[in-house]
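A.B. asks: Dropping in upload09.cif, with mmCIF, C-alpha atoms and all ligand atoms.
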```cif
data_coords
loop_
_atom_site.group_PDB
_atom_site.id
_atom_site.type_symbol
_atom_site.label_atom_id
_atom_site.label_comp_id
_atom_site.auth_asym_id
_atom_site.auth_seq_id
_atom_site.Cartn_x
_atom_site.Cartn_y
_atom_site.Cartn_z
ATOM 1 C CA MET L 20 -12.598 135.331 65.545
ATOM 2 C CA LEU L 21 -11.333 136.072 62.042
ATOM 3 C CA LYS L 22 -9.532 139.098 63.424
ATOM 4 C CA LYS L 23 -7.056 136.852 65.198
ATOM 5 C CA PHE L 24 -5.840 135.677 61.798
ATOM 6 C CA LEU L 25 -5.424 139.149 60.372
ATOM 7 C CA PRO L 26 -1.939 140.636 60.313
ATOM 8 C CA LYS L 27 -1.409 144.188 61.525
ATOM 9 C CA GLY L 28 0.718 144.832 58.469
ATOM 10 C CA PHE L 29 1.196 143.332 55.041
ATOM 11 C CA VAL L 30 4.151 143.626 52.669
ATOM 12 C CA GLU L 31 4.906 141.932 49.373
ATOM 13 C CA ASP L 32 8.287 140.690 50.626
ATOM 14 C CA ILE L 33 10.794 141.208 53.454
ATOM 15 C CA TYR L 34 12.708 143.858 51.514
ATOM 16 C CA GLN L 35 9.807 146.251 52.007
ATOM 17 C CA ILE L 36 10.482 146.148 55.729
ATOM 18 C CA LYS L 37 12.878 149.022 56.244
ATOM 19 C CA THR L 38 15.142 149.725 59.191
ATOM 20 C CA GLU L 39 14.005 153.350 59.377
ATOM 21 C CA HIS L 40 10.356 152.299 59.776
ATOM 22 C CA LEU L 41 11.276 149.919 62.565
ATOM 23 C CA ASN L 42 13.492 152.457 64.317
ATOM 24 C CA GLU L 43 10.775 155.119 64.104
ATOM 25 C CA ARG L 44 8.391 152.784 65.901
ATOM 26 C CA GLY L 45 10.862 151.714 68.534
ATOM 27 C CA ILE L 46 11.089 148.155 67.243
ATOM 28 C CA LYS L 47 14.202 146.414 68.544
ATOM 29 C CA GLY L 48 13.514 142.774 67.815
ATOM 30 C CA MET L 49 12.159 140.631 65.007
ATOM 31 C CA ILE L 50 10.813 137.103 65.197
ATOM 32 C CA ILE L 51 10.959 135.858 61.633
ATOM 33 C CA ASP L 52 9.789 132.689 59.913
ATOM 34 C CA LEU L 53 12.161 130.784 57.629
ATOM 35 C CA ASP L 54 10.360 128.747 54.950
ATOM 36 C CA ASN L 55 8.837 130.904 52.229
ATOM 37 C CA THR L 56 9.461 134.054 54.269
ATOM 38 C CA LEU L 57 13.250 134.400 54.115
ATOM 39 C CA VAL L 58 13.823 131.859 51.341
ATOM 40 C CA ALA L 59 11.831 129.227 49.453
ATOM 41 C CA TRP L 60 11.084 126.164 51.546
ATOM 42 C CA ASP L 61 13.444 124.014 49.439
ATOM 43 C CA CYS L 62 16.307 126.518 49.489
ATOM 44 C CA LEU L 63 18.934 125.319 51.974
ATOM 45 C CA ASP L 64 21.004 128.455 52.435
ATOM 46 C CA ALA L 65 20.494 132.198 52.573
ATOM 47 C CA THR L 66 20.751 134.058 49.296
ATOM 48 C CA VAL L 67 23.136 137.007 49.088
ATOM 49 C CA GLU L 68 20.140 139.368 49.199
ATOM 50 C CA VAL L 69 18.680 137.784 52.318
ATOM 51 C CA ALA L 70 22.043 137.776 54.107
ATOM 52 C CA GLU L 71 22.519 141.428 53.197
ATOM 53 C CA TRP L 72 19.024 142.388 54.420
ATOM 54 C CA LEU L 73 19.545 140.576 57.716
ATOM 55 C CA LYS L 74 22.875 142.326 58.197
ATOM 56 C CA GLN L 75 21.293 145.715 57.522
ATOM 57 C CA MET L 76 18.675 144.999 60.168
ATOM 58 C CA GLN L 77 21.274 144.022 62.721
ATOM 59 C CA GLN L 78 23.433 147.045 61.944
ATOM 60 C CA ALA L 79 20.392 149.212 62.603
ATOM 61 C CA GLY L 80 20.069 147.643 66.035
ATOM 62 C CA ILE L 81 17.288 145.172 65.238
ATOM 63 C CA ARG L 82 17.878 141.826 66.929
ATOM 64 C CA ILE L 83 16.671 138.831 64.968
ATOM 65 C CA VAL L 84 15.589 135.336 65.870
ATOM 66 C CA ILE L 85 14.369 132.771 63.343
ATOM 67 C CA VAL L 86 11.377 130.790 64.566
ATOM 68 C CA SER L 87 10.453 127.845 62.356
ATOM 69 C CA ASN L 88 8.219 124.823 62.576
ATOM 70 C CA ASN L 89 10.784 122.963 60.508
ATOM 71 C CA ASN L 90 13.353 120.599 62.041
ATOM 72 C CA GLU L 91 16.645 121.513 63.698
ATOM 73 C CA GLU L 92 18.819 120.260 60.843
ATOM 74 C CA ARG L 93 17.106 122.513 58.310
ATOM 75 C CA VAL L 94 17.003 125.614 60.479
ATOM 76 C CA ASN L 95 20.513 125.198 61.887
ATOM 77 C CA ARG L 96 21.982 124.765 58.403
ATOM 78 C CA PHE L 97 20.407 128.059 57.347
ATOM 79 C CA ALA L 98 20.939 130.119 60.496
ATOM 80 C CA LYS L 99 24.370 129.036 61.700
ATOM 81 C CA PRO L 100 26.486 130.600 58.925
ATOM 82 C CA LEU L 101 24.602 133.851 59.547
ATOM 83 C CA GLN L 102 25.140 133.563 63.309
ATOM 84 C CA ILE L 103 21.466 134.170 63.926
ATOM 85 C CA PRO L 104 19.775 132.432 66.871
ATOM 86 C CA PHE L 105 16.804 130.225 66.118
ATOM 87 C CA VAL L 106 14.014 128.143 67.545
ATOM 88 C CA SER L 107 13.203 125.063 65.448
ATOM 89 C CA LYS L 108 10.239 122.686 65.751
ATOM 90 C CA ALA L 109 8.427 125.718 67.053
ATOM 91 C CA ASN L 110 4.870 124.376 66.879
ATOM 92 C CA LYS L 111 3.477 127.729 65.805
ATOM 93 C CA PRO L 112 0.806 128.933 66.462
ATOM 94 C CA LEU L 113 1.370 127.648 70.000
ATOM 95 C CA GLY L 114 2.930 130.180 72.315
ATOM 96 C CA GLY L 115 6.005 128.401 73.686
ATOM 97 C CA ALA L 116 8.390 129.241 70.858
ATOM 98 C CA PHE L 117 7.312 132.881 70.757
ATOM 99 C CA LYS L 118 8.058 133.185 74.461
ATOM 100 C CA ARG L 119 11.460 131.581 73.999
ATOM 101 C CA ALA L 120 12.151 133.893 71.083
ATOM 102 C CA ILE L 121 11.304 136.985 73.133
ATOM 103 C CA LYS L 122 13.672 135.765 75.823
ATOM 104 C CA ILE L 123 16.454 135.271 73.269
ATOM 105 C CA LEU L 124 15.867 138.762 71.880
ATOM 106 C CA GLY L 125 15.664 140.368 75.301
ATOM 107 C CA THR L 126 13.005 142.762 74.018
ATOM 108 C CA LYS L 127 9.545 143.657 75.222
ATOM 109 C CA LYS L 128 6.582 142.492 73.183
ATOM 110 C CA ARG L 129 5.778 146.029 72.109
ATOM 111 C CA GLU L 130 9.344 146.411 70.821
ATOM 112 C CA THR L 131 9.040 143.274 68.717
ATOM 113 C CA ILE L 132 7.434 142.204 65.436
ATOM 114 C CA VAL L 133 6.574 138.813 64.032
ATOM 115 C CA VAL L 134 7.125 138.357 60.296
ATOM 116 C CA GLY L 135 5.864 135.356 58.353
ATOM 117 C CA ASP L 136 4.017 134.075 55.303
ATOM 118 C CA GLN L 137 1.300 132.002 56.957
ATOM 119 C CA LEU L 138 -1.819 133.291 58.618
ATOM 120 C CA LEU L 139 -2.555 130.129 60.550
ATOM 121 C CA THR L 140 0.884 129.754 62.137
ATOM 122 C CA ASP L 141 2.948 132.961 62.065
ATOM 123 C CA ILE L 142 0.206 135.573 62.180
ATOM 124 C CA PHE L 143 -2.271 133.764 64.394
ATOM 125 C CA GLY L 144 0.568 132.783 66.734
ATOM 126 C CA GLY L 145 1.968 136.308 66.931
ATOM 127 C CA ASN L 146 -1.459 137.851 67.445
ATOM 128 C CA ARG L 147 -2.180 135.445 70.275
ATOM 129 C CA GLN L 148 0.980 136.711 71.967
ATOM 130 C CA LYS L 149 -0.090 140.299 71.323
ATOM 131 C CA ILE L 150 2.988 140.994 69.221
ATOM 132 C CA HIS L 151 2.740 143.183 66.107
ATOM 133 C CA THR L 152 2.420 140.880 63.091
ATOM 134 C CA VAL L 153 3.485 141.483 59.495
ATOM 135 C CA LEU L 154 2.452 139.125 56.703
ATOM 136 C CA VAL L 155 4.626 138.637 53.624
ATOM 137 C CA ASN L 156 3.754 136.900 50.377
ATOM 138 C CA PRO L 157 5.322 133.443 50.270
ATOM 139 C CA VAL L 158 8.635 133.320 48.402
ATOM 140 C CA ALA L 159 7.656 130.111 46.611
ATOM 141 C CA THR L 160 4.059 129.549 45.635
ATOM 142 C CA SER L 161 4.517 125.869 44.845
ATOM 143 C CA ASP L 162 4.842 124.740 48.446
ATOM 144 C CA ALA L 163 3.751 121.133 48.425
ATOM 145 C CA LYS L 164 3.591 121.033 52.202
ATOM 146 C CA ILE L 165 0.935 123.682 52.542
ATOM 147 C CA THR L 166 -2.600 122.651 51.783
ATOM 148 C CA THR L 167 -4.636 124.240 49.059
ATOM 149 C CA PHE L 168 -7.234 125.024 51.682
ATOM 150 C CA ASN L 169 -4.824 127.172 53.688
ATOM 151 C CA ARG L 170 -3.604 128.967 50.601
ATOM 152 C CA ASN L 171 -7.131 129.656 49.397
ATOM 153 C CA LEU L 172 -8.042 131.046 52.792
ATOM 154 C CA GLU L 173 -4.947 133.226 52.715
ATOM 155 C CA SER L 174 -5.725 134.523 49.229
ATOM 156 C CA PHE L 175 -9.242 135.376 50.357
ATOM 157 C CA ILE L 176 -8.051 137.248 53.433
ATOM 158 C CA LYS L 177 -5.289 139.090 51.564
ATOM 159 C CA GLU L 178 -7.748 140.180 48.907
ATOM 160 C CA ARG L 179 -9.974 141.600 51.629
ATOM 161 C CA LEU L 180 -6.982 143.341 53.215
ATOM 162 C CA ARG L 181 -6.069 144.933 49.906
ATOM 163 C CA LYS L 182 -9.627 146.102 49.355
ATOM 164 C CA ARG L 183 -9.780 147.591 52.820
ATOM 165 C CA GLY L 184 -6.471 149.257 52.097
ATOM 166 C CA LEU L 185 -4.774 147.668 55.084
ATOM 167 C CA VAL L 186 -1.107 147.856 54.380
ATOM 168 C CA TYR L 187 2.182 147.875 56.184
ATOM 169 C CA TRP L 188 1.954 149.313 59.690
ATOM 170 C CA GLU L 189 -1.582 150.493 59.496
ATOM 171 C CA GLU L 190 -3.223 149.655 62.804
ATOM 172 C CA SER L 191 -6.422 147.696 62.548
HETATM 173 MG MG MG I 201 6.607 129.935 56.265
#
```
Hey, can you dump this file as structure tokens for me?
Ligand SMILES: [Mg+2]
C.D. replies:
Amino acid sequence: MLKKFLPKGFVEDIYQIKTEHLNERGIKGMIIDLDNTLVAWDCLDATVEVAEWLKQMQQAGIRIVIVSNNNEERVNRFAKPLQIPFVSKANKPLGGAFKRAIKILGTKKRETIVVGDQLLTDIFGGNRQKIHTVLVNPVATSDAKITTFNRNLESFIKERLRKRGLVYWEES
């Protein structure tokens, strides 16, 4: 049961995800969370670094779709200037938004990764769809909207991952 909440990979932040690693593994599409994955949950727009990273991905042939449980206004405001497609009010970990995202990307599941900061939504949701999942540390740790319980559970699981030496791209 716990295994469903474990990511296949773990990185400190998105910048550790490199285009050459993705290309080597035949990854062509990325389903990525917004709040606390790309930017802090209270940050309205992309930072220069995030915009640059996204552009690098796209130039390397990686298609990107933002999938967020947040509302359309928030996600549209962030994604539109970057011209990146998105699914808002995604209801992760439910499967509907992941399926829509795959359709938008036009990739196969095995050519796709899910990237996010939350085990119970991003990682659990991606695992349920049998898509490769990569956990990142949350950009902002003071997220009022996420319960202490969830964060404690995440800390516990990450600590175990570190001890087991499960890192980026290692298959479990
Ligand atoms: Mg998030």
A.B. asks: In terms of the shortest atom-to-atom distance over only C-alpha atoms, which of L:Glu178, L:Asp141, L:Glu130, L:Glu68 is closest to Leu53 of chain L?
C.D. replies: L:Asp141
A.B. asks: Pick out the residues no farther than 8 Å from ligand MG 201 (chain I), counting only C-alpha atoms and all ligand atoms, and list them as a ChimeraX atom specification.
C.D. replies: /L:52-56,60,87,135-137,141,157
A.B. asks: In Å to one decimal, how far is atom CA of Lys23 of chain L from atom CA of Gln77 of chain L?
C.D. replies: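 Between these atoms lies a distance of 29.3 Å.
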A.B. asks: Suppose a student applies the PyMOL selection byres (((chain L and resi 21) around 12) and not hetatm) to this structure; what residues should they get, written as JSON, numbers by chain?
C.D. replies: {"L": [20, 22, 23, 24, 25, 26, 138, 139, 142, 143, 146, 172, 173, 175, 176, 179]}
A.B. asks: Exactly which residues make up the result of the PyMOL selection byres (((chain L and resi 39) around 12) and not hetatm) on this file, given as a ChimeraX atom specification?
C.D. replies: /L:35-38,40-47,75-76,78-81
A.B. asks: Next, write the just-selected residues to a file, as a short mmCIF file (atom, residue, chain, number, x, y, z; two decimals), keeping the file's coordinate frame, keeping C-alpha atoms as the atom set.
C.D. replies:
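File written: again.cif
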```cif
data_model
loop_
_atom_site.label_atom_id
_atom_site.label_comp_id
_atom_site.auth_asym_id
_atom_site.auth_seq_id
_atom_site.Cartn_x
_atom_site.Cartn_y
_atom_site.Cartn_z
CA GLN L 35 9.81 146.25 52.01
CA ILE L 36 10.48 146.15 55.73
CA LYS L 37 12.88 149.02 56.24
CA THR L 38 15.14 149.72 59.19
CA HIS L 40 10.36 152.30 59.78
CA LEU L 41 11.28 149.92 62.56
CA ASN L 42 13.49 152.46 64.32
CA GLU L 43 10.78 155.12 64.10
CA ARG L 44 8.39 152.78 65.90
CA GLY L 45 10.86 151.71 68.53
CA ILE L 46 11.09 148.16 67.24
CA LYS L 47 14.20 146.41 68.54
CA GLN L 75 21.29 145.72 57.52
CA MET L 76 18.68 145.00 60.17
CA GLN L 78 23.43 147.04 61.94
CA ALA L 79 20.39 149.21 62.60
CA GLY L 80 20.07 147.64 66.04
CA ILE L 81 17.29 145.17 65.24
#
```
A.B. asks: Of the candidates L:Lys128, L:Arg96, L:Lys27, L:Lys111, which shows the shortest atom-to-atom distance to Thr140 of chain L, using all atoms listed in the file?
C.D. replies: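 Of the candidates, the smallest distance to Thr140 of chain L is held by L:Lys111.
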A.B. asks: Between L:Ala109, L:Asn171, L:Leu73, L:Asn88, which one has atoms that come closest to Met49 of chain L, using all atoms listed in the file?
C.D. replies: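 Checking each candidate against Met49 of chain L, we get L:Leu73 as the closest.
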A.B. asks: Rank L:Arg181, L:Asn110, L:Gly145, L:Trp72 by their smallest atom-to-atom distance to Asn90 of chain L, using only C-alpha atoms, and report the top residue only.
C.D. replies: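 Closest to Asn90 of chain L of all the choices is L:Asn110.
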A.B. asks: Please return, as a PyMOL selection string, all polymer residues that have at least one atom within 8 Å of the point (12.2, 134.4, 67.0); use all atoms listed in the file and the file's own coordinate frame.
C.D. replies: chain L and resi 49-52+83-86+104-106+116-117+119-121+123-124+133
A.B. asks: Separation of atom CA of Leu101 of chain L and atom CA of Thr66 of chain L, in Å?
C.D. replies: 11.0 Å
A.B. asks: How far is it from atom CA of Arg170 of chain L to atom CA of Val158 of chain L, in Å with one decimal?
C.D. replies: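 Going from atom CA of Arg170 of chain L over to atom CA of Val158 of chain L covers 13.2 Å.
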A.B. asks: Since the input is missing atoms, can you rebuild all heavy atoms for segment 26-37 of chain L and write them as a PDB file, in the frame of the given file?
C.D. replies:
```
ATOM      1  N   PRO L  26      -3.180 139.972  59.928  1.00  0.00           N
ATOM      2  CA  PRO L  26      -1.939 140.636  60.313  1.00  0.00           C
ATOM      3  C   PRO L  26      -2.181 142.125  60.541  1.00  0.00           C
ATOM      4  O   PRO L  26      -3.129 142.692  60.012  1.00  0.00           O
ATOM      5  CB  PRO L  26      -1.050 140.431  59.085  1.00  0.00           C
ATOM      6  CG  PRO L  26      -2.012 140.340  57.945  1.00  0.00           C
ATOM      7  CD  PRO L  26      -3.232 139.668  58.491  1.00  0.00           C
ATOM      8  N   LYS L  27      -1.328 142.735  61.343  1.00  0.00           N
ATOM      9  CA  LYS L  27      -1.409 144.188  61.525  1.00  0.00           C
ATOM     10  C   LYS L  27      -0.817 144.907  60.313  1.00  0.00           C
ATOM     11  O   LYS L  27      -1.161 146.043  60.023  1.00  0.00           O
ATOM     12  CB  LYS L  27      -0.640 144.609  62.775  1.00  0.00           C
ATOM     13  CG  LYS L  27      -1.182 144.019  64.040  1.00  0.00           C
ATOM     14  CD  LYS L  27      -2.472 144.693  64.440  1.00  0.00           C
ATOM     15  CE  LYS L  27      -2.950 144.117  65.770  1.00  0.00           C
ATOM     16  NZ  LYS L  27      -4.268 144.570  66.125  1.00  0.00           N
ATOM     17  N   GLY L  28       0.101 144.254  59.655  1.00  0.00           N
ATOM     18  CA  GLY L  28       0.718 144.832  58.469  1.00  0.00           C
ATOM     19  C   GLY L  28       0.887 143.791  57.394  1.00  0.00           C
ATOM     20  O   GLY L  28       0.854 142.585  57.656  1.00  0.00           O
ATOM     21  N   PHE L  29       1.040 144.249  56.167  1.00  0.00           N
ATOM     22  CA  PHE L  29       1.196 143.332  55.041  1.00  0.00           C
ATOM     23  C   PHE L  29       2.179 143.935  54.045  1.00  0.00           C
ATOM     24  O   PHE L  29       2.016 145.088  53.632  1.00  0.00           O
ATOM     25  CB  PHE L  29      -0.173 143.101  54.392  1.00  0.00           C
ATOM     26  CG  PHE L  29      -0.124 142.340  53.099  1.00  0.00           C
ATOM     27  CD1 PHE L  29       0.598 141.155  53.007  1.00  0.00           C
ATOM     28  CD2 PHE L  29      -0.790 142.797  51.987  1.00  0.00           C
ATOM     29  CE1 PHE L  29       0.655 140.450  51.815  1.00  0.00           C
ATOM     30  CE2 PHE L  29      -0.748 142.097  50.790  1.00  0.00           C
ATOM     31  CZ  PHE L  29      -0.027 140.928  50.708  1.00  0.00           C
ATOM     32  N   VAL L  30       3.197 143.182  53.689  1.00  0.00           N
ATOM     33  CA  VAL L  30       4.151 143.626  52.669  1.00  0.00           C
ATOM     34  C   VAL L  30       4.322 142.523  51.632  1.00  0.00           C
ATOM     35  O   VAL L  30       4.067 141.353  51.916  1.00  0.00           O
ATOM     36  CB  VAL L  30       5.543 143.973  53.274  1.00  0.00           C
ATOM     37  CG1 VAL L  30       5.488 145.246  54.087  1.00  0.00           C
ATOM     38  CG2 VAL L  30       6.094 142.822  54.105  1.00  0.00           C
ATOM     39  N   GLU L  31       4.730 142.927  50.434  1.00  0.00           N
ATOM     40  CA  GLU L  31       4.906 141.932  49.373  1.00  0.00           C
ATOM     41  C   GLU L  31       6.060 140.977  49.707  1.00  0.00           C
ATOM     42  O   GLU L  31       5.980 139.782  49.481  1.00  0.00           O
ATOM     43  CB  GLU L  31       5.152 142.610  48.027  1.00  0.00           C
ATOM     44  CG  GLU L  31       3.992 143.468  47.515  1.00  0.00           C
ATOM     45  CD  GLU L  31       2.731 142.654  47.172  1.00  0.00           C
ATOM     46  OE1 GLU L  31       2.856 141.463  46.819  1.00  0.00           O
ATOM     47  OE2 GLU L  31       1.629 143.217  47.273  1.00  0.00           O
ATOM     48  N   ASP L  32       7.156 141.537  50.226  1.00  0.00           N
ATOM     49  CA  ASP L  32       8.287 140.690  50.626  1.00  0.00           C
ATOM     50  C   ASP L  32       9.086 141.393  51.734  1.00  0.00           C
ATOM     51  O   ASP L  32       8.821 142.555  52.056  1.00  0.00           O
ATOM     52  CB  ASP L  32       9.181 140.338  49.431  1.00  0.00           C
ATOM     53  CG  ASP L  32       9.703 141.583  48.718  1.00  0.00           C
ATOM     54  OD1 ASP L  32      10.217 142.496  49.401  1.00  0.00           O
ATOM     55  OD2 ASP L  32       9.590 141.656  47.484  1.00  0.00           O
ATOM     56  N   ILE L  33      10.051 140.675  52.291  1.00  0.00           N
ATOM     57  CA  ILE L  33      10.794 141.208  53.454  1.00  0.00           C
ATOM     58  C   ILE L  33      11.530 142.510  53.139  1.00  0.00           C
ATOM     59  O   ILE L  33      11.742 143.321  54.028  1.00  0.00           O
ATOM     60  CB  ILE L  33      11.808 140.172  54.011  1.00  0.00           C
ATOM     61  CG1 ILE L  33      12.769 139.703  52.923  1.00  0.00           C
ATOM     62  CG2 ILE L  33      11.083 139.014  54.677  1.00  0.00           C
ATOM     63  CD1 ILE L  33      13.975 138.925  53.450  1.00  0.00           C
ATOM     64  N   TYR L  34      11.898 142.684  51.862  1.00  0.00           N
ATOM     65  CA  TYR L  34      12.708 143.858  51.514  1.00  0.00           C
ATOM     66  C   TYR L  34      11.936 145.167  51.648  1.00  0.00           C
ATOM     67  O   TYR L  34      12.528 146.242  51.634  1.00  0.00           O
ATOM     68  CB  TYR L  34      13.285 143.699  50.102  1.00  0.00           C
ATOM     69  CG  TYR L  34      14.048 142.402  49.993  1.00  0.00           C
ATOM     70  CD1 TYR L  34      13.525 141.318  49.295  1.00  0.00           C
ATOM     71  CD2 TYR L  34      15.270 142.242  50.659  1.00  0.00           C
ATOM     72  CE1 TYR L  34      14.195 140.112  49.236  1.00  0.00           C
ATOM     73  CE2 TYR L  34      15.945 141.036  50.612  1.00  0.00           C
ATOM     74  CZ  TYR L  34      15.397 139.975  49.897  1.00  0.00           C
ATOM     75  OH  TYR L  34      16.072 138.769  49.865  1.00  0.00           O
ATOM     76  N   GLN L  35      10.616 145.049  51.761  1.00  0.00           N
ATOM     77  CA  GLN L  35       9.807 146.251  52.007  1.00  0.00           C
ATOM     78  C   GLN L  35       9.815 146.644  53.475  1.00  0.00           C
ATOM     79  O   GLN L  35       9.294 147.702  53.840  1.00  0.00           O
ATOM     80  CB  GLN L  35       8.367 146.025  51.541  1.00  0.00           C
ATOM     81  CG  GLN L  35       8.242 146.024  50.035  1.00  0.00           C
ATOM     82  CD  GLN L  35       6.794 145.908  49.593  1.00  0.00           C
ATOM     83  OE1 GLN L  35       5.872 146.211  50.340  1.00  0.00           O
ATOM     84  NE2 GLN L  35       6.604 145.465  48.376  1.00  0.00           N
ATOM     85  N   ILE L  36      10.346 145.803  54.310  1.00  0.00           N
ATOM     86  CA  ILE L  36      10.482 146.148  55.729  1.00  0.00           C
ATOM     87  C   ILE L  36      11.804 146.882  55.890  1.00  0.00           C
ATOM     88  O   ILE L  36      12.870 146.314  55.670  1.00  0.00           O
ATOM     89  CB  ILE L  36      10.452 144.887  56.620  1.00  0.00           C
ATOM     90  CG1 ILE L  36       9.141 144.117  56.394  1.00  0.00           C
ATOM     91  CG2 ILE L  36      10.613 145.257  58.089  1.00  0.00           C
ATOM     92  CD1 ILE L  36       9.086 142.781  57.113  1.00  0.00           C
ATOM     93  N   LYS L  37      11.694 148.155  56.232  1.00  0.00           N
ATOM     94  CA  LYS L  37      12.878 149.022  56.244  1.00  0.00           C
ATOM     95  C   LYS L  37      13.302 149.356  57.671  1.00  0.00           C
ATOM     96  O   LYS L  37      12.454 149.580  58.537  1.00  0.00           O
ATOM     97  CB  LYS L  37      12.581 150.333  55.508  1.00  0.00           C
ATOM     98  CG  LYS L  37      11.973 150.160  54.119  1.00  0.00           C
ATOM     99  CD  LYS L  37      13.017 149.812  53.091  1.00  0.00           C
ATOM    100  CE  LYS L  37      12.424 149.843  51.689  1.00  0.00           C
ATOM    101  NZ  LYS L  37      13.328 149.215  50.710  1.00  0.00           N
TER     102      LYS L  37
END
```
